Amino acid sequence: MKKLAIAVLIIAIVALACSALYLGFMQNPPEMEKVTSLKKFTLTSTAFHEMGRIPEKYTCDGLDLSPPLRWEGYPPETVSFVLIVEDPDAPGGTFTHWVIYNIPSTIHELQEGVPKSEELSSGALQGVNDFGRIGYNGPCPPPGKPHRYVFKVYALDSELNLEPGATRDDVLNAMKGHVLAEATLTGLYSR
């Protein structure tokens, strides 16, 4: 009888130890620890918030300056960034307002009023927008309902083998298989 009682006691102790270990594991599973330690890749602007109105100075009704943008939480293996700005609500279909690529991974923001030149001092290159111009040209919708302007930054595992002045489609094709993460910021504008 003593042997049975000792066996039951040992089984109970082992069961309690396993339960404690299991509960500790469930409160802090290793996979979840790894995931939560990664920041979410985000794109923000001090000029407007998600689904907020884009100030006039960043549109064709104002100075037509590019807005200030900042991104964080990108994967550590990022080599370069691409930024594309589009209006999916344009009457003729999606309209591209800005294409900028080969932004070095050491750059985490763009100041207001990026020069409209093919190559920037950082080495980033700018493409042709749907106005047929290099660099940023802001919202310029027809009168009516607000349009959405989607600013999308992509983190890539390489630079793109493209010359300055590439189109949106050139950039998207060159990016295939190299996108590590993406982040968006959407602003609204109407006239």
# chains A, B, ... in the order shown; residues from 1 in each chain; ligands from 1
>>> residues_around(residues="His147 of chain A", least_positions_apart="2", cutoff="9 Å", atoms="only C-alpha atoms", output="number ranges by chain")
A: 87-90, 139, 141, 144-145, 149, 187-190
>>> write_last_selection(atoms="all heavy atoms", output="tab-separated table (two decimals), in the first residue's frame")
chain	number	residue	atom	x	y	z
A	87	ASP	N	-3.72	57.38	-56.88
A	87	ASP	CA	-5.12	57.72	-56.67
A	87	ASP	C	-5.95	56.61	-57.33
A	87	ASP	O	-6.10	56.60	-58.55
A	87	ASP	CB	-5.43	59.08	-57.31
A	87	ASP	CG	-6.92	59.42	-57.33
A	87	ASP	OD1	-7.73	58.65	-56.77
A	87	ASP	OD2	-7.26	60.47	-57.91
A	88	PRO	N	-6.51	55.68	-56.53
A	88	PRO	CA	-7.31	54.61	-57.12
A	88	PRO	C	-8.70	55.07	-57.56
A	88	PRO	O	-9.42	54.32	-58.20
A	88	PRO	CB	-7.40	53.57	-55.99
A	88	PRO	CG	-7.26	54.37	-54.75
A	88	PRO	CD	-6.34	55.53	-55.09
A	89	ASP	N	-9.07	56.31	-57.21
A	89	ASP	CA	-10.41	56.83	-57.52
A	89	ASP	C	-10.44	57.72	-58.76
A	89	ASP	O	-11.47	58.32	-59.07
A	89	ASP	CB	-10.95	57.61	-56.31
A	89	ASP	CG	-10.99	56.76	-55.05
A	89	ASP	OD1	-11.39	55.59	-55.14
A	89	ASP	OD2	-10.59	57.27	-53.99
A	90	ALA	N	-9.32	57.84	-59.46
A	90	ALA	CA	-9.26	58.69	-60.65
A	90	ALA	C	-10.26	58.19	-61.71
A	90	ALA	O	-10.46	56.98	-61.83
A	90	ALA	CB	-7.85	58.71	-61.21
A	139	PRO	N	-2.28	65.63	-55.36
A	139	PRO	CA	-3.68	65.47	-55.72
A	139	PRO	C	-4.18	66.64	-56.57
A	139	PRO	O	-3.86	67.79	-56.30
A	139	PRO	CB	-4.38	65.45	-54.36
A	139	PRO	CG	-3.35	64.90	-53.42
A	139	PRO	CD	-2.05	65.47	-53.91
A	141	PRO	N	-7.76	66.26	-58.21
A	141	PRO	CA	-8.94	65.55	-58.71
A	141	PRO	C	-9.97	66.51	-59.33
A	141	PRO	O	-9.95	67.71	-59.06
A	141	PRO	CB	-9.51	64.92	-57.44
A	141	PRO	CG	-9.17	65.91	-56.37
A	141	PRO	CD	-7.80	66.43	-56.75
A	144	GLY	N	-15.90	67.14	-56.93
A	144	GLY	CA	-16.78	66.03	-56.53
A	144	GLY	C	-16.35	65.39	-55.23
A	144	GLY	O	-15.75	66.04	-54.37
A	145	LYS	N	-16.62	64.11	-55.13
A	145	LYS	CA	-16.31	63.35	-53.91
A	145	LYS	C	-14.81	63.32	-53.66
A	145	LYS	O	-14.02	63.37	-54.61
A	145	LYS	CB	-16.80	61.90	-54.04
A	145	LYS	CG	-18.29	61.74	-54.08
A	145	LYS	CD	-18.63	60.27	-54.20
A	145	LYS	CE	-20.13	60.06	-54.24
A	145	LYS	NZ	-20.47	58.64	-54.38
A	149	TYR	N	-5.73	58.98	-51.69
A	149	TYR	CA	-4.35	59.01	-52.19
A	149	TYR	C	-3.55	58.06	-51.32
A	149	TYR	O	-3.37	58.30	-50.13
A	149	TYR	CB	-3.81	60.43	-52.20
A	149	TYR	CG	-4.58	61.26	-53.18
A	149	TYR	CD1	-5.76	61.90	-52.81
A	149	TYR	CD2	-4.21	61.31	-54.52
A	149	TYR	CE1	-6.53	62.59	-53.74
A	149	TYR	CE2	-4.96	61.99	-55.46
A	149	TYR	CZ	-6.13	62.63	-55.06
A	149	TYR	OH	-6.89	63.30	-55.98
A	187	GLY	N	-4.47	59.30	-47.60
A	187	GLY	CA	-5.01	60.63	-47.34
A	187	GLY	C	-6.14	60.91	-48.31
A	187	GLY	O	-6.27	60.25	-49.34
A	188	LEU	N	-6.97	61.90	-47.97
A	188	LEU	CA	-8.13	62.25	-48.80
A	188	LEU	C	-7.97	63.68	-49.31
A	188	LEU	O	-7.41	64.54	-48.61
A	188	LEU	CB	-9.41	62.16	-47.99
A	188	LEU	CG	-9.73	60.81	-47.33
A	188	LEU	CD1	-10.99	60.93	-46.48
A	188	LEU	CD2	-9.90	59.72	-48.39
A	189	TYR	N	-8.49	63.93	-50.50
A	189	TYR	CA	-8.52	65.30	-51.01
A	189	TYR	C	-9.68	65.43	-51.99
A	189	TYR	O	-9.94	64.51	-52.77
A	189	TYR	CB	-7.21	65.68	-51.69
A	189	TYR	CG	-7.15	67.15	-52.01
A	189	TYR	CD1	-7.01	68.10	-50.99
A	189	TYR	CD2	-7.25	67.61	-53.32
A	189	TYR	CE1	-6.97	69.46	-51.27
A	189	TYR	CE2	-7.21	68.96	-53.61
A	189	TYR	CZ	-7.08	69.88	-52.57
A	189	TYR	OH	-7.05	71.23	-52.85
A	190	SER	N	-10.35	66.58	-51.94
A	190	SER	CA	-11.44	66.87	-52.87
A	190	SER	C	-11.39	68.34	-53.20
A	190	SER	O	-10.81	69.14	-52.47
A	190	SER	CB	-12.79	66.49	-52.27
A	190	SER	OG	-13.02	67.23	-51.10
>>> residues_around(residues="segment 41-45 of chain A", least_positions_apart="3", cutoff="12 Å", atoms="only C-alpha atoms", output="short mmCIF file (atom, residue, chain, number, x, y, z; two decimals) with all heavy atoms, in the first residue's frame")
data_model
loop_
_atom_site.label_atom_id
_atom_site.label_comp_id
_atom_site.auth_asym_id
_atom_site.auth_seq_id
_atom_site.Cartn_x
_atom_site.Cartn_y
_atom_site.Cartn_z
N LEU A 38 8.92 42.06 -32.97
CA LEU A 38 9.04 42.79 -34.22
C LEU A 38 8.05 43.94 -34.23
O LEU A 38 6.88 43.75 -33.93
CB LEU A 38 8.74 41.87 -35.41
CG LEU A 38 9.70 40.72 -35.64
CD1 LEU A 38 9.19 39.86 -36.78
CD2 LEU A 38 11.09 41.24 -35.96
N PHE A 48 -0.67 64.86 -42.31
CA PHE A 48 -2.04 64.32 -42.26
C PHE A 48 -1.99 62.92 -41.66
O PHE A 48 -0.95 62.27 -41.64
CB PHE A 48 -2.68 64.29 -43.66
CG PHE A 48 -1.98 63.40 -44.65
CD1 PHE A 48 -2.38 62.10 -44.87
CD2 PHE A 48 -0.90 63.89 -45.38
CE1 PHE A 48 -1.72 61.29 -45.78
CE2 PHE A 48 -0.23 63.08 -46.30
CZ PHE A 48 -0.64 61.79 -46.49
N HIS A 49 -3.14 62.49 -41.15
CA HIS A 49 -3.26 61.17 -40.53
C HIS A 49 -3.99 60.23 -41.47
O HIS A 49 -4.57 60.66 -42.47
CB HIS A 49 -4.02 61.27 -39.20
CG HIS A 49 -3.31 62.14 -38.21
ND1 HIS A 49 -2.14 61.77 -37.60
CD2 HIS A 49 -3.59 63.38 -37.75
CE1 HIS A 49 -1.73 62.72 -36.79
NE2 HIS A 49 -2.59 63.72 -36.86
N GLU A 50 -3.99 58.96 -41.14
CA GLU A 50 -4.69 57.94 -41.94
C GLU A 50 -6.14 58.38 -42.18
O GLU A 50 -6.87 58.69 -41.24
CB GLU A 50 -4.65 56.59 -41.21
CG GLU A 50 -5.39 55.47 -41.91
CD GLU A 50 -4.73 55.04 -43.23
OE1 GLU A 50 -3.54 55.31 -43.46
OE2 GLU A 50 -5.45 54.44 -44.03
N MET A 51 -6.52 58.45 -43.46
CA MET A 51 -7.85 58.85 -43.93
C MET A 51 -8.18 60.31 -43.57
O MET A 51 -9.34 60.71 -43.61
CB MET A 51 -8.94 57.91 -43.41
CG MET A 51 -8.80 56.48 -43.94
SD MET A 51 -8.76 56.36 -45.75
CE MET A 51 -10.47 56.65 -46.16
N GLY A 52 -7.14 61.09 -43.28
CA GLY A 52 -7.33 62.52 -43.03
C GLY A 52 -7.17 63.31 -44.33
O GLY A 52 -6.65 62.81 -45.33
N ARG A 53 -7.59 64.56 -44.28
CA ARG A 53 -7.50 65.43 -45.46
C ARG A 53 -6.05 65.87 -45.67
O ARG A 53 -5.38 66.33 -44.75
CB ARG A 53 -8.41 66.64 -45.30
CG ARG A 53 -8.42 67.55 -46.53
CD ARG A 53 -9.46 68.65 -46.40
NE ARG A 53 -9.33 69.64 -47.46
CZ ARG A 53 -9.81 69.52 -48.68
NH1 ARG A 53 -10.47 68.42 -49.01
NH2 ARG A 53 -9.66 70.48 -49.58
N ILE A 54 -5.59 65.75 -46.92
CA ILE A 54 -4.25 66.21 -47.27
C ILE A 54 -4.30 67.73 -47.40
O ILE A 54 -5.15 68.26 -48.12
CB ILE A 54 -3.79 65.56 -48.60
CG1 ILE A 54 -3.70 64.04 -48.43
CG2 ILE A 54 -2.46 66.14 -49.06
CD1 ILE A 54 -3.45 63.27 -49.72
N PRO A 55 -3.43 68.44 -46.69
CA PRO A 55 -3.44 69.91 -46.78
C PRO A 55 -3.19 70.40 -48.21
O PRO A 55 -2.43 69.78 -48.98
CB PRO A 55 -2.31 70.32 -45.84
CG PRO A 55 -2.19 69.19 -44.87
CD PRO A 55 -2.48 67.96 -45.69
N TYR A 58 0.10 70.51 -50.42
CA TYR A 58 0.66 69.30 -51.01
C TYR A 58 -0.12 68.86 -52.26
O TYR A 58 0.01 67.73 -52.71
CB TYR A 58 0.69 68.17 -49.98
CG TYR A 58 1.42 68.57 -48.72
CD1 TYR A 58 0.75 68.71 -47.51
CD2 TYR A 58 2.78 68.86 -48.75
CE1 TYR A 58 1.43 69.11 -46.37
CE2 TYR A 58 3.46 69.26 -47.62
CZ TYR A 58 2.77 69.38 -46.43
OH TYR A 58 3.44 69.79 -45.29
N SER A 66 5.80 67.67 -52.03
CA SER A 66 5.59 66.33 -51.45
C SER A 66 5.50 66.49 -49.93
O SER A 66 6.21 67.31 -49.34
CB SER A 66 6.74 65.39 -51.83
OG SER A 66 7.97 65.87 -51.34
N PRO A 67 4.61 65.73 -49.28
CA PRO A 67 4.48 65.84 -47.83
C PRO A 67 5.62 65.14 -47.10
O PRO A 67 6.26 64.24 -47.67
CB PRO A 67 3.14 65.15 -47.55
CG PRO A 67 3.00 64.16 -48.65
CD PRO A 67 3.66 64.79 -49.86
N PRO A 68 5.87 65.52 -45.85
CA PRO A 68 6.87 64.79 -45.07
C PRO A 68 6.36 63.39 -44.75
O PRO A 68 5.20 63.22 -44.40
CB PRO A 68 7.00 65.64 -43.80
CG PRO A 68 5.70 66.37 -43.68
CD PRO A 68 5.22 66.59 -45.09
N LEU A 69 7.24 62.40 -44.86
CA LEU A 69 6.87 61.00 -44.61
C LEU A 69 7.94 60.34 -43.77
O LEU A 69 9.12 60.66 -43.89
CB LEU A 69 6.73 60.25 -45.94
CG LEU A 69 5.65 60.74 -46.89
CD1 LEU A 69 5.83 60.12 -48.26
CD2 LEU A 69 4.26 60.46 -46.34
N ARG A 70 7.50 59.40 -42.94
CA ARG A 70 8.44 58.66 -42.09
C ARG A 70 7.96 57.21 -41.98
O ARG A 70 6.77 56.95 -41.88
CB ARG A 70 8.50 59.30 -40.71
CG ARG A 70 9.43 58.58 -39.74
CD ARG A 70 9.61 59.38 -38.45
NE ARG A 70 10.48 58.70 -37.53
CZ ARG A 70 11.80 58.59 -37.65
NH1 ARG A 70 12.40 59.13 -38.67
NH2 ARG A 70 12.51 57.94 -36.77
N TRP A 71 8.91 56.27 -42.01
CA TRP A 71 8.55 54.86 -41.85
C TRP A 71 9.44 54.21 -40.81
O TRP A 71 10.58 54.61 -40.60
CB TRP A 71 8.60 54.12 -43.18
CG TRP A 71 9.85 54.27 -43.97
CD1 TRP A 71 10.96 53.48 -43.93
CD2 TRP A 71 10.14 55.29 -44.94
NE1 TRP A 71 11.92 53.94 -44.79
CE2 TRP A 71 11.44 55.05 -45.44
CE3 TRP A 71 9.43 56.39 -45.44
CZ2 TRP A 71 12.04 55.85 -46.40
CZ3 TRP A 71 10.04 57.19 -46.40
CH2 TRP A 71 11.32 56.92 -46.86
N GLU A 72 8.88 53.20 -40.14
CA GLU A 72 9.63 52.46 -39.12
C GLU A 72 9.06 51.06 -38.99
O GLU A 72 7.98 50.78 -39.48
CB GLU A 72 9.61 53.20 -37.78
CG GLU A 72 8.23 53.48 -37.23
CD GLU A 72 8.26 54.37 -36.00
OE1 GLU A 72 9.32 54.91 -35.66
OE2 GLU A 72 7.20 54.51 -35.38
N GLY A 73 9.83 50.20 -38.32
CA GLY A 73 9.40 48.83 -38.11
C GLY A 73 9.65 47.92 -39.29
O GLY A 73 9.09 46.83 -39.38
N TYR A 74 10.51 48.34 -40.21
CA TYR A 74 10.81 47.54 -41.40
C TYR A 74 11.75 46.39 -41.03
O TYR A 74 12.47 46.45 -40.03
CB TYR A 74 11.43 48.42 -42.50
CG TYR A 74 12.57 49.25 -42.01
CD1 TYR A 74 13.86 48.75 -42.01
CD2 TYR A 74 12.34 50.53 -41.51
CE1 TYR A 74 14.92 49.50 -41.52
CE2 TYR A 74 13.39 51.29 -41.03
CZ TYR A 74 14.67 50.77 -41.03
OH TYR A 74 15.71 51.51 -40.54
N PRO A 75 11.79 45.34 -41.84
CA PRO A 75 12.66 44.19 -41.53
C PRO A 75 14.13 44.59 -41.52
O PRO A 75 14.56 45.43 -42.32
CB PRO A 75 12.38 43.21 -42.69
CG PRO A 75 11.04 43.61 -43.20
CD PRO A 75 10.94 45.09 -43.01
N PRO A 76 14.93 44.02 -40.62
CA PRO A 76 16.35 44.38 -40.50
C PRO A 76 17.17 44.05 -41.75
O PRO A 76 18.20 44.67 -41.99
CB PRO A 76 16.85 43.58 -39.29
CG PRO A 76 15.82 42.54 -39.03
CD PRO A 76 14.53 43.03 -39.61
N THR A 78 16.39 44.71 -44.74
CA THR A 78 16.03 45.63 -45.82
C THR A 78 17.28 46.26 -46.43
O THR A 78 18.16 46.73 -45.72
CB THR A 78 15.09 46.73 -45.30
OG1 THR A 78 13.90 46.13 -44.79
CG2 THR A 78 14.73 47.72 -46.40
N PHE A 81 14.25 50.90 -50.21
CA PHE A 81 12.81 51.15 -50.14
C PHE A 81 12.33 51.70 -51.48
O PHE A 81 13.08 52.34 -52.22
CB PHE A 81 12.49 52.18 -49.05
CG PHE A 81 12.86 51.76 -47.67
CD1 PHE A 81 14.00 52.26 -47.06
CD2 PHE A 81 12.07 50.87 -46.96
CE1 PHE A 81 14.35 51.88 -45.77
CE2 PHE A 81 12.41 50.48 -45.67
CZ PHE A 81 13.56 50.99 -45.08
N LEU A 83 8.80 53.90 -52.86
CA LEU A 83 7.57 54.60 -52.48
C LEU A 83 6.78 54.90 -53.74
O LEU A 83 7.32 55.44 -54.71
CB LEU A 83 7.89 55.90 -51.74
CG LEU A 83 6.67 56.76 -51.39
CD1 LEU A 83 5.87 56.15 -50.26
CD2 LEU A 83 7.10 58.17 -51.02
N HIS A 108 15.05 56.80 -43.45
CA HIS A 108 13.78 56.37 -42.84
C HIS A 108 12.70 57.43 -42.97
O HIS A 108 11.62 57.28 -42.39
CB HIS A 108 13.99 56.04 -41.36
CG HIS A 108 15.16 55.16 -41.13
ND1 HIS A 108 16.11 55.41 -40.20
CD2 HIS A 108 15.55 54.02 -41.77
CE1 HIS A 108 17.04 54.47 -40.24
NE2 HIS A 108 16.72 53.63 -41.20
N GLU A 109 13.02 58.51 -43.69
CA GLU A 109 12.02 59.56 -43.86
C GLU A 109 12.37 60.41 -45.07
O GLU A 109 13.51 60.43 -45.54
CB GLU A 109 11.93 60.45 -42.62
CG GLU A 109 13.17 61.22 -42.29
CD GLU A 109 13.04 61.99 -40.98
OE1 GLU A 109 11.94 62.45 -40.65
OE2 GLU A 109 14.06 62.11 -40.29
N LEU A 110 11.36 61.08 -45.59
CA LEU A 110 11.53 62.05 -46.66
C LEU A 110 10.99 63.38 -46.15
O LEU A 110 9.86 63.44 -45.63
CB LEU A 110 10.76 61.62 -47.92
CG LEU A 110 11.24 60.33 -48.58
CD1 LEU A 110 10.30 59.92 -49.70
CD2 LEU A 110 12.67 60.49 -49.11
N GLN A 111 11.80 64.41 -46.26
CA GLN A 111 11.38 65.73 -45.82
C GLN A 111 10.35 66.30 -46.79
O GLN A 111 10.25 65.87 -47.93
CB GLN A 111 12.60 66.67 -45.74
CG GLN A 111 13.69 66.22 -44.79
CD GLN A 111 13.24 66.20 -43.35
OE1 GLN A 111 12.49 67.07 -42.91
NE2 GLN A 111 13.67 65.20 -42.61
N GLU A 112 9.63 67.29 -46.35
CA GLU A 112 8.68 67.99 -47.21
C GLU A 112 9.42 68.58 -48.42
O GLU A 112 10.53 69.07 -48.30
CB GLU A 112 8.04 69.12 -46.40
CG GLU A 112 7.12 70.02 -47.18
CD GLU A 112 6.60 71.15 -46.33
OE1 GLU A 112 5.58 70.94 -45.64
OE2 GLU A 112 7.22 72.24 -46.34
N VAL A 150 -3.13 56.94 -51.92
CA VAL A 150 -2.49 55.86 -51.18
C VAL A 150 -0.97 56.00 -51.34
O VAL A 150 -0.44 55.87 -52.44
CB VAL A 150 -2.97 54.48 -51.68
CG1 VAL A 150 -2.31 53.37 -50.87
CG2 VAL A 150 -4.49 54.39 -51.59
N PHE A 151 -0.31 56.27 -50.22
CA PHE A 151 1.14 56.33 -50.15
C PHE A 151 1.57 54.95 -49.67
O PHE A 151 1.19 54.52 -48.59
CB PHE A 151 1.60 57.39 -49.14
CG PHE A 151 1.29 58.80 -49.55
CD1 PHE A 151 -0.01 59.29 -49.58
CD2 PHE A 151 2.33 59.67 -49.88
CE1 PHE A 151 -0.29 60.60 -49.95
CE2 PHE A 151 2.07 60.98 -50.25
CZ PHE A 151 0.76 61.44 -50.29
N LYS A 152 2.37 54.25 -50.48
CA LYS A 152 2.77 52.89 -50.10
C LYS A 152 4.29 52.78 -50.18
O LYS A 152 4.88 53.08 -51.22
CB LYS A 152 2.12 51.86 -51.01
CG LYS A 152 2.34 50.43 -50.55
CD LYS A 152 1.64 49.41 -51.43
CE LYS A 152 0.18 49.35 -51.14
NZ LYS A 152 -0.48 48.20 -51.79
N VAL A 153 4.90 52.36 -49.07
CA VAL A 153 6.35 52.15 -49.04
C VAL A 153 6.60 50.64 -48.95
O VAL A 153 5.91 49.93 -48.21
CB VAL A 153 7.03 52.93 -47.89
CG1 VAL A 153 6.59 52.45 -46.53
CG2 VAL A 153 8.54 52.87 -47.99
N TYR A 154 7.55 50.18 -49.75
CA TYR A 154 7.93 48.78 -49.78
C TYR A 154 9.36 48.64 -49.28
O TYR A 154 10.23 49.41 -49.68
CB TYR A 154 7.89 48.24 -51.22
CG TYR A 154 6.56 48.32 -51.92
CD1 TYR A 154 6.20 49.48 -52.61
CD2 TYR A 154 5.68 47.25 -51.92
CE1 TYR A 154 4.99 49.56 -53.29
CE2 TYR A 154 4.47 47.31 -52.59
CZ TYR A 154 4.13 48.48 -53.27
OH TYR A 154 2.94 48.54 -53.93
N ALA A 155 9.60 47.65 -48.43
CA ALA A 155 10.96 47.30 -48.00
C ALA A 155 11.42 46.15 -48.89
O ALA A 155 10.72 45.13 -49.01
CB ALA A 155 10.96 46.86 -46.53
N LEU A 180 9.95 42.53 -48.95
CA LEU A 180 9.98 41.95 -47.60
C LEU A 180 8.76 42.38 -46.79
O LEU A 180 8.25 41.62 -45.97
CB LEU A 180 11.24 42.41 -46.86
CG LEU A 180 12.57 42.00 -47.48
CD1 LEU A 180 13.73 42.70 -46.78
CD2 LEU A 180 12.75 40.49 -47.44
N ALA A 181 8.31 43.63 -46.99
CA ALA A 181 7.19 44.16 -46.23
C ALA A 181 6.69 45.42 -46.92
O ALA A 181 7.40 46.00 -47.74
CB ALA A 181 7.62 44.49 -44.80
N GLU A 182 5.48 45.83 -46.57
CA GLU A 182 4.95 47.07 -47.11
C GLU A 182 4.09 47.76 -46.06
O GLU A 182 3.56 47.12 -45.16
CB GLU A 182 4.15 46.82 -48.39
CG GLU A 182 2.99 45.88 -48.25
CD GLU A 182 2.31 45.58 -49.58
OE1 GLU A 182 2.93 44.92 -50.42
OE2 GLU A 182 1.16 46.02 -49.76
N ALA A 183 4.00 49.08 -46.19
CA ALA A 183 3.19 49.88 -45.27
C ALA A 183 2.48 50.96 -46.09
O ALA A 183 3.02 51.45 -47.08
CB ALA A 183 4.07 50.52 -44.20
N THR A 184 1.27 51.31 -45.67
CA THR A 184 0.51 52.32 -46.40
C THR A 184 0.00 53.42 -45.49
O THR A 184 -0.18 53.23 -44.30
CB THR A 184 -0.70 51.70 -47.13
OG1 THR A 184 -1.57 51.12 -46.16
CG2 THR A 184 -0.30 50.66 -48.14
N LEU A 185 -0.21 54.57 -46.12
CA LEU A 185 -0.84 55.72 -45.48
C LEU A 185 -1.76 56.30 -46.53
O LEU A 185 -1.33 56.60 -47.65
CB LEU A 185 0.22 56.75 -45.06
CG LEU A 185 -0.30 58.10 -44.55
CD1 LEU A 185 -1.09 57.91 -43.25
CD2 LEU A 185 0.85 59.07 -44.36
N THR A 186 -3.03 56.46 -46.19
CA THR A 186 -4.01 56.97 -47.15
C THR A 186 -4.52 58.32 -46.69
O THR A 186 -4.98 58.47 -45.56
CB THR A 186 -5.18 55.99 -47.33
OG1 THR A 186 -4.67 54.72 -47.73
CG2 THR A 186 -6.19 56.49 -48.34
N GLY A 187 -4.47 59.30 -47.60
CA GLY A 187 -5.01 60.63 -47.34
C GLY A 187 -6.14 60.91 -48.31
O GLY A 187 -6.27 60.25 -49.34
#
>>> atom_distance(atom1="atom CA of Leu125 of chain A", atom2="atom CA of Cys140 of chain A")
23.6 Å
>>> residues_around(residues="segment 160-172 of chain A", least_positions_apart="4", cutoff="9 Å", atoms="only C-alpha atoms", output="list in words")
Ser80, Val82, Ile84, Thr96, Trp98, Val99, Ile100, Tyr101, Asn102, Glu118, Glu119, Ala124, Leu125, Gln126, Gly127, Val128, Asn129, Asp130, Arg133, Ile134, Gly135, Leu156 and Lys176 of chain A
>>> select_by_dssp(residues="chain A", states="alpha helix (DSSP H)", output="PyMOL selection string")
chain A and resi 2-27+30-37+168-175
>>> atom_distance(atom1="atom CA of Arg191 of chain A", atom2="atom CA of Thr59 of chain A")
10.4 Å
